[in-house]
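What follows is the content of target.cif (mmCIF, C-alpha atoms).
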```cif
data_model
#
loop_
_atom_site.label_atom_id
_atom_site.label_comp_id
_atom_site.auth_asym_id
_atom_site.auth_seq_id
_atom_site.Cartn_x
_atom_site.Cartn_y
_atom_site.Cartn_z
CA MET A 1 -9.37 -18.29 -2.98
CA ASP A 2 -6.12 -17.00 -1.42
CA LYS A 3 -7.01 -18.05 2.14
CA PRO A 4 -5.11 -21.39 2.41
CA ILE A 5 -1.87 -19.84 1.10
CA LEU A 6 -2.42 -16.80 3.32
CA LYS A 7 -2.92 -19.01 6.37
CA ASP A 8 0.22 -21.02 5.59
CA ALA A 9 2.26 -17.87 4.93
CA LEU A 10 1.15 -16.16 8.15
CA LYS A 11 1.98 -19.29 10.15
CA LEU A 12 5.42 -19.60 8.50
CA LEU A 13 6.31 -15.89 8.87
CA ASP A 14 4.85 -15.42 12.35
CA HIS A 15 8.24 -15.46 14.07
CA PHE A 16 9.06 -12.02 12.54
CA GLY A 17 6.75 -10.60 15.21
CA ASN A 18 3.49 -8.66 14.97
CA VAL A 19 2.71 -10.23 11.57
CA LYS A 20 -0.76 -9.52 10.20
CA SER A 21 -2.55 -9.27 6.86
CA ARG A 22 -4.68 -6.61 5.19
CA SER A 23 -6.55 -6.52 1.90
CA MET A 24 -4.25 -5.05 -0.74
CA PHE A 25 -4.00 -5.07 -4.55
CA GLY A 26 -6.80 -7.60 -4.94
CA GLY A 27 -5.14 -9.94 -2.43
CA PHE A 28 -3.65 -9.71 1.05
CA GLY A 29 -0.57 -7.73 2.10
CA ILE A 30 1.51 -9.33 4.85
CA PHE A 31 2.92 -6.83 7.32
CA ALA A 32 5.39 -6.94 10.19
CA GLY A 33 4.31 -3.91 12.16
CA GLU A 34 3.57 -1.32 9.45
CA ALA A 35 6.03 -2.66 6.86
CA MET A 36 4.51 -4.74 4.06
CA PHE A 37 7.06 -7.35 3.01
CA ALA A 38 4.93 -9.99 1.30
CA LEU A 39 1.74 -10.33 -0.67
CA VAL A 40 -0.67 -13.21 -1.23
CA VAL A 41 -2.60 -12.84 -4.47
CA ASN A 42 -3.75 -15.22 -7.21
CA ASN A 43 -3.18 -18.11 -4.79
CA LYS A 44 0.57 -17.42 -4.62
CA LEU A 45 2.92 -15.96 -2.02
CA HIS A 46 4.90 -12.99 -3.37
CA LEU A 47 7.99 -11.71 -1.55
CA ARG A 48 9.19 -8.14 -1.81
CA ALA A 49 12.44 -7.73 -3.73
CA ASN A 50 15.25 -5.37 -2.89
CA ALA A 51 18.29 -4.37 -4.95
CA LYS A 52 20.09 -7.50 -3.80
CA THR A 53 17.32 -10.05 -4.35
CA GLU A 54 15.53 -8.65 -7.41
CA GLU A 55 18.13 -9.96 -9.86
CA GLU A 56 18.28 -13.30 -8.02
CA PHE A 57 14.48 -13.57 -8.21
CA LYS A 58 14.48 -12.85 -11.95
CA GLN A 59 17.26 -15.37 -12.59
CA ALA A 60 15.32 -18.00 -10.64
CA GLY A 61 12.35 -17.41 -12.96
CA LEU A 62 10.18 -15.56 -10.44
CA GLU A 63 7.65 -13.10 -11.87
CA PRO A 64 6.61 -9.77 -10.33
CA TYR A 65 2.96 -9.19 -9.50
CA ILE A 66 1.36 -6.79 -11.99
CA TYR A 67 -1.98 -5.09 -11.42
CA LYS A 68 -3.94 -2.47 -13.37
CA LYS A 69 -4.40 1.07 -12.13
CA ARG A 70 -6.66 3.27 -14.24
CA GLY A 71 -6.17 0.81 -17.07
CA PHE A 72 -2.37 0.86 -16.95
CA PRO A 73 -0.18 -2.01 -15.73
CA VAL A 74 1.73 -1.37 -12.50
CA ILE A 75 4.69 -3.67 -11.79
CA THR A 76 5.17 -4.24 -8.08
CA LYS A 77 8.33 -5.19 -6.19
CA HIS A 78 6.63 -8.42 -5.08
CA TYR A 79 7.71 -11.63 -6.83
CA ALA A 80 5.71 -14.88 -6.80
CA ILE A 81 7.72 -17.67 -5.23
CA LEU A 82 7.88 -21.02 -7.01
CA ASP A 83 5.56 -23.75 -5.75
CA GLU A 84 8.53 -25.99 -4.92
CA TRP A 85 9.77 -23.44 -2.37
CA TRP A 86 6.99 -24.67 -0.07
CA GLU A 87 8.94 -27.93 0.20
CA SER A 88 11.80 -25.92 1.76
CA PRO A 89 10.10 -23.51 4.19
CA GLU A 90 13.52 -22.37 5.47
CA LYS A 91 14.20 -20.93 1.99
CA ILE A 92 10.99 -18.90 2.15
CA VAL A 93 11.86 -17.63 5.65
CA LYS A 94 15.40 -16.69 4.55
CA GLN A 95 14.13 -14.73 1.53
CA ALA A 96 11.31 -13.20 3.60
CA LYS A 97 13.93 -11.87 6.02
CA TYR A 98 15.56 -9.97 3.13
CA SER A 99 12.10 -8.81 2.01
CA LEU A 100 11.31 -7.46 5.47
CA GLU A 101 14.68 -5.67 5.65
CA ALA A 102 13.97 -4.08 2.23
CA ALA A 103 10.47 -3.00 3.29
CA LEU A 104 11.78 -1.46 6.53
CA ALA A 105 14.57 0.36 4.66
CA ASP A 106 12.08 1.76 2.12
CA LYS A 107 9.74 2.83 4.91
CA LYS A 108 12.58 4.61 6.73
CA ALA A 109 13.70 6.34 3.50
CA LYS A 110 10.15 7.57 2.87
CA GLU A 111 9.83 8.92 6.40
CA CYS A 112 13.00 11.00 6.09
CA CYS A 113 11.96 12.48 2.76
CA ILE A 114 8.95 14.66 3.49
CA PRO A 115 7.10 15.67 0.30
CA ASP A 116 6.97 19.36 -0.63
CA ARG A 117 3.71 19.37 -2.54
CA ILE A 118 0.23 17.95 -2.03
CA LYS A 119 0.48 15.95 -5.27
CA ASP A 120 3.48 14.09 -3.81
CA LEU A 121 1.47 12.69 -0.88
CA PRO A 122 0.26 9.08 -1.07
CA ASN A 123 -2.96 8.63 -3.11
CA LEU A 124 -2.97 12.16 -4.52
CA ARG A 125 -2.21 13.54 -7.99
CA LEU A 126 -1.80 16.92 -9.62
CA SER A 127 -5.55 17.12 -10.30
CA ASN A 128 -6.23 16.67 -6.56
CA GLU A 129 -3.69 19.36 -5.73
CA ARG A 130 -5.44 21.76 -8.14
CA MET A 131 -8.86 20.99 -6.66
CA LEU A 132 -7.56 21.66 -3.15
CA LYS A 133 -5.90 24.92 -4.21
CA LYS A 134 -9.26 26.17 -5.50
CA ILE A 135 -10.69 25.85 -1.97
CA GLY A 136 -7.68 27.55 -0.38
CA ILE A 137 -5.64 24.51 0.66
CA GLN A 138 -2.25 25.27 -0.86
CA THR A 139 0.18 23.39 1.35
CA ILE A 140 0.53 20.02 3.03
CA GLU A 141 0.46 21.78 6.39
CA GLN A 142 -2.90 23.39 5.56
CA LEU A 143 -4.30 20.00 4.52
CA HIS A 144 -3.09 18.48 7.81
CA ASN A 145 -4.63 21.33 9.80
CA ILE A 146 -8.05 21.21 8.11
CA GLY A 147 -8.19 17.41 8.01
CA ALA A 148 -9.54 15.03 5.40
CA LEU A 149 -13.21 15.37 6.35
CA GLU A 150 -13.38 19.18 6.23
CA ALA A 151 -11.33 19.27 3.01
CA TYR A 152 -13.72 16.76 1.44
CA LYS A 153 -16.78 18.75 2.58
CA ALA A 154 -15.31 21.95 1.12
CA LEU A 155 -14.59 20.15 -2.17
CA GLN A 156 -18.17 18.84 -2.26
CA LYS A 157 -19.51 22.41 -2.12
CA THR A 158 -17.43 23.52 -5.12
CA GLN A 159 -17.83 20.49 -7.40
CA GLU A 160 -20.56 20.38 -10.03
CA MET A 161 -20.62 16.58 -9.91
CA SER A 162 -20.67 14.35 -6.84
CA LEU A 163 -17.35 13.21 -5.43
CA SER A 164 -16.48 9.60 -4.82
CA LEU A 165 -15.96 8.44 -1.25
CA GLU A 166 -12.63 7.11 -2.48
CA LEU A 167 -11.42 10.74 -2.50
CA LEU A 168 -12.22 11.01 1.21
CA TRP A 169 -10.23 7.84 1.89
CA ALA A 170 -7.42 9.17 -0.36
CA LEU A 171 -7.23 12.42 1.62
CA GLU A 172 -7.28 10.58 4.95
CA GLY A 173 -4.53 8.23 3.77
CA ALA A 174 -2.48 11.14 2.38
CA ILE A 175 -2.57 12.93 5.71
CA HIS A 176 -1.36 9.79 7.49
CA GLY A 177 1.20 8.82 4.83
CA GLN A 178 -0.46 5.57 3.88
CA HIS A 179 -2.38 3.95 1.03
CA TRP A 180 -6.12 4.63 1.26
CA SER A 181 -6.92 0.89 1.25
CA VAL A 182 -5.35 0.34 4.69
CA ILE A 183 -7.56 2.87 6.48
CA PRO A 184 -9.30 0.83 9.20
CA GLU A 185 -13.04 0.22 8.85
CA SER A 186 -13.59 1.87 12.24
CA ARG A 187 -11.97 5.10 11.01
CA ARG A 188 -13.99 5.01 7.77
CA ASN A 189 -17.22 4.60 9.75
CA GLU A 190 -16.20 7.49 12.03
CA LEU A 191 -15.64 9.75 8.98
CA LEU A 192 -18.92 8.68 7.36
CA ALA A 193 -20.84 9.39 10.56
CA LYS A 194 -19.56 12.99 10.52
CA LEU A 195 -20.06 13.53 6.78
#
```
Could you render the structure from this file as structure tokens?
Amino acid sequence: MDKPILKDALKLLDHFGNVKSRSMFGGFGIFAGEAMFALVVNNKLHLRANAKTEEEFKQAGLEPYIYKKRGFPVITKHYAILDEWWESPEKIVKQAKYSLEAALADKKAKECCIPDRIKDLPNLRLSNERMLKKIGIQTIEQLHNIGALEAYKALQKTQEMSLSLELLWALEGAIHGQHWSVIPESRRNELLAKL
């Protein structure tokens, strides 16, 4: 359903260099390198807001994309552009440039601020941190050293109920500082083969 808009958006934003898409949030994230600066979902292009553009987007009547996580609404920084913007592609490109700059700045800020605790890693929560502590993984460094697969196997041995594969992807993503949904299929298959 989102494919025509995705195709048009990728073609329009291609000059930013190394632009690609990945499945994200029920749609497709648009990345320049590793920075996600746009999103195509519900047949609309959403551009990432920054401090400068967020107020402008709201005043122009743009709405942020909202999805549900564990039953709770999560408001993203991505705002759906108006349909009439497609009549002025240069406007989309101009705003997308600001969106890319915001995404790169956020990515750089995250890289300089290394989390102290396991629960602060991407994809993980306090409950995950507690589970890992029970098997002797108390620090981020220990989790990195043991790796996602061995941590998952150790957790499987101690759990009374079976663990979801999503936890394996969450651990792998946490170790690499990324959302579990962007783990490549080849890496997932490699992990499954060793499980």
Counting all atoms listed in the file, the option among A:Ala102, A:Tyr152, A:Leu62, A:Leu82 closest to A:Leu165: A:Tyr152
Step by step: start from the point (2.5, -10.8, 12.4) in the file's coordinates, keep every protein, DNA or RNA residue that has an atom no farther than 12 Å from it, count all atoms listed in the file, and write the set as a short mmCIF file (atom, residue, chain, number, x, y, z; two decimals) with C-alpha atoms, in the frame of the given file.
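Result saved to part-v5.cif:
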```cif
data_model
loop_
_atom_site.label_atom_id
_atom_site.label_comp_id
_atom_site.auth_asym_id
_atom_site.auth_seq_id
_atom_site.Cartn_x
_atom_site.Cartn_y
_atom_site.Cartn_z
CA LEU A 6 -2.42 -16.80 3.32
CA LYS A 7 -2.92 -19.01 6.37
CA ALA A 9 2.26 -17.87 4.93
CA LEU A 10 1.15 -16.16 8.15
CA LYS A 11 1.98 -19.29 10.15
CA LEU A 12 5.42 -19.60 8.50
CA LEU A 13 6.31 -15.89 8.87
CA ASP A 14 4.85 -15.42 12.35
CA HIS A 15 8.24 -15.46 14.07
CA PHE A 16 9.06 -12.02 12.54
CA GLY A 17 6.75 -10.60 15.21
CA ASN A 18 3.49 -8.66 14.97
CA VAL A 19 2.71 -10.23 11.57
CA LYS A 20 -0.76 -9.52 10.20
CA SER A 21 -2.55 -9.27 6.86
CA ARG A 22 -4.68 -6.61 5.19
CA GLY A 29 -0.57 -7.73 2.10
CA ILE A 30 1.51 -9.33 4.85
CA PHE A 31 2.92 -6.83 7.32
CA ALA A 32 5.39 -6.94 10.19
CA GLY A 33 4.31 -3.91 12.16
CA GLU A 34 3.57 -1.32 9.45
CA ALA A 35 6.03 -2.66 6.86
CA MET A 36 4.51 -4.74 4.06
CA PHE A 37 7.06 -7.35 3.01
CA ALA A 38 4.93 -9.99 1.30
CA LEU A 100 11.31 -7.46 5.47
#
```
Might you spell out which residues the PyMOL selection byres ((chain A and resi 140) around 12) would select in the displayed file, as a ChimeraX atom specification? /A:114-122,124,129,132-133,136-139,141-148,151,171,174-177
Starting from the PyMOL selection byres ((chain A and resi 179-184) around 9), expand the selection into actual residues of this file and give them as a PDB file with C-alpha atoms, in the coordinates of the input.
```
ATOM      1  CA  ARG A  22      -4.680  -6.610   5.190  1.00  0.00           C
ATOM      2  CA  SER A  23      -6.550  -6.520   1.900  1.00  0.00           C
ATOM      3  CA  MET A  24      -4.250  -5.050  -0.740  1.00  0.00           C
ATOM      4  CA  PHE A  25      -4.000  -5.070  -4.550  1.00  0.00           C
ATOM      5  CA  PRO A 122       0.260   9.080  -1.070  1.00  0.00           C
ATOM      6  CA  ASN A 123      -2.960   8.630  -3.110  1.00  0.00           C
ATOM      7  CA  GLU A 166     -12.630   7.110  -2.480  1.00  0.00           C
ATOM      8  CA  LEU A 167     -11.420  10.740  -2.500  1.00  0.00           C
ATOM      9  CA  LEU A 168     -12.220  11.010   1.210  1.00  0.00           C
ATOM     10  CA  TRP A 169     -10.230   7.840   1.890  1.00  0.00           C
ATOM     11  CA  ALA A 170      -7.420   9.170  -0.360  1.00  0.00           C
ATOM     12  CA  LEU A 171      -7.230  12.420   1.620  1.00  0.00           C
ATOM     13  CA  GLU A 172      -7.280  10.580   4.950  1.00  0.00           C
ATOM     14  CA  GLY A 173      -4.530   8.230   3.770  1.00  0.00           C
ATOM     15  CA  ALA A 174      -2.480  11.140   2.380  1.00  0.00           C
ATOM     16  CA  HIS A 176      -1.360   9.790   7.490  1.00  0.00           C
ATOM     17  CA  GLY A 177       1.200   8.820   4.830  1.00  0.00           C
ATOM     18  CA  GLN A 178      -0.460   5.570   3.880  1.00  0.00           C
ATOM     19  CA  GLU A 185     -13.040   0.220   8.850  1.00  0.00           C
ATOM     20  CA  SER A 186     -13.590   1.870  12.240  1.00  0.00           C
ATOM     21  CA  ARG A 187     -11.970   5.100  11.010  1.00  0.00           C
ATOM     22  CA  ARG A 188     -13.990   5.010   7.770  1.00  0.00           C
ATOM     23  CA  ASN A 189     -17.220   4.600   9.750  1.00  0.00           C
TER      24      ASN A 189
END
```
Suppose you want the space between atom CA of A:Ala103 and atom CA of A:Glu54; what is it in Å? 13.1 Å
Between atom CA of A:Asn128 and atom CA of A:Ala105, distance in Å (one decimal):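 We find that atom CA of A:Asn128 and atom CA of A:Ala105 lie 28.7 Å from each other.
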What is the atom CA of A:Ser127 to atom CA of A:Gln159 distance in Å? 13.1 Å
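Distance check against A:Gln59 using all atoms listed in the file: of A:Glu150, A:Met161, A:Arg130, A:Tyr79, the minimum falls on A:Tyr79.
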So, with all atoms listed in the file as the atoms that count, which of A:Lys157, A:Lys134, A:Lys44, A:Leu191 lies closest to A:Trp85? A:Lys44
Between A:Glu55, A:Asn50, A:Gly61, A:Asp83, smallest distance to A:Lys97 by only C-alpha atoms belongs to A:Asn50
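Among the candidates A:Ala60, A:His78, A:Glu87, A:Met131, the one nearest to A:Leu45 when counting all atoms listed in the file is A:His78.
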Exercise: A:Lys3 partners within 10 Å, all atoms listed in the file, chain neighbours under 4 positions left out, as number ranges by chain: A: 7-9, 27-28, 40-41, 43
So that all listed atoms of stretch 46-59 of chain A fit with 5 Å spare on each side, what axis-aligned box centre and edge lengths in Å, to one decimal, would you give as lines of an AutoDock Vina configuration file?
```
center_x = 12.5
center_y = -9.9
center_z = -7.1
size_x = 25.2
size_y = 21.0
size_z = 21.0
```
What would stretch 82-94 of chain A look like with N, CA and C atoms in place, written as a PDB file, keeping the file's coordinate frame?
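Everything below was put into rebuild-v8.pdb:
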```pdb
ATOM      1  N   LEU A  82       8.194 -19.776  -6.296  1.00  0.00           N
ATOM      2  CA  LEU A  82       7.880 -21.020  -7.010  1.00  0.00           C
ATOM      3  C   LEU A  82       7.195 -21.984  -6.047  1.00  0.00           C
ATOM      4  N   ASP A  83       6.301 -22.791  -6.588  1.00  0.00           N
ATOM      5  CA  ASP A  83       5.560 -23.750  -5.750  1.00  0.00           C
ATOM      6  C   ASP A  83       6.483 -24.672  -4.966  1.00  0.00           C
ATOM      7  N   GLU A  84       7.617 -25.058  -5.599  1.00  0.00           N
ATOM      8  CA  GLU A  84       8.530 -25.990  -4.920  1.00  0.00           C
ATOM      9  C   GLU A  84       9.211 -25.388  -3.688  1.00  0.00           C
ATOM     10  N   TRP A  85       9.187 -24.064  -3.561  1.00  0.00           N
ATOM     11  CA  TRP A  85       9.770 -23.440  -2.370  1.00  0.00           C
ATOM     12  C   TRP A  85       9.038 -23.890  -1.103  1.00  0.00           C
ATOM     13  N   TRP A  86       7.748 -24.249  -1.242  1.00  0.00           N
ATOM     14  CA  TRP A  86       6.990 -24.670  -0.070  1.00  0.00           C
ATOM     15  C   TRP A  86       7.540 -25.971   0.504  1.00  0.00           C
ATOM     16  N   GLU A  87       8.309 -26.702  -0.299  1.00  0.00           N
ATOM     17  CA  GLU A  87       8.940 -27.930   0.200  1.00  0.00           C
ATOM     18  C   GLU A  87      10.166 -27.615   1.053  1.00  0.00           C
ATOM     19  N   SER A  88      10.658 -26.376   0.958  1.00  0.00           N
ATOM     20  CA  SER A  88      11.800 -25.920   1.760  1.00  0.00           C
ATOM     21  C   SER A  88      11.422 -24.620   2.476  1.00  0.00           C
ATOM     22  N   PRO A  89      10.582 -24.716   3.510  1.00  0.00           N
ATOM     23  CA  PRO A  89      10.100 -23.510   4.190  1.00  0.00           C
ATOM     24  C   PRO A  89      11.226 -22.586   4.667  1.00  0.00           C
ATOM     25  N   GLU A  90      12.398 -23.200   5.009  1.00  0.00           N
ATOM     26  CA  GLU A  90      13.520 -22.370   5.470  1.00  0.00           C
ATOM     27  C   GLU A  90      13.986 -21.408   4.371  1.00  0.00           C
ATOM     28  N   LYS A  91      13.835 -21.805   3.107  1.00  0.00           N
ATOM     29  CA  LYS A  91      14.200 -20.930   1.990  1.00  0.00           C
ATOM     30  C   LYS A  91      13.253 -19.726   1.928  1.00  0.00           C
ATOM     31  N   ILE A  92      11.972 -19.987   2.140  1.00  0.00           N
ATOM     32  CA  ILE A  92      10.990 -18.900   2.150  1.00  0.00           C
ATOM     33  C   ILE A  92      11.302 -17.927   3.291  1.00  0.00           C
ATOM     34  N   VAL A  93      11.573 -18.472   4.475  1.00  0.00           N
ATOM     35  CA  VAL A  93      11.860 -17.630   5.650  1.00  0.00           C
ATOM     36  C   VAL A  93      13.122 -16.795   5.408  1.00  0.00           C
ATOM     37  N   LYS A  94      14.144 -17.408   4.821  1.00  0.00           N
ATOM     38  CA  LYS A  94      15.400 -16.690   4.550  1.00  0.00           C
ATOM     39  C   LYS A  94      15.151 -15.526   3.586  1.00  0.00           C
TER      40      LYS A  94
END
```
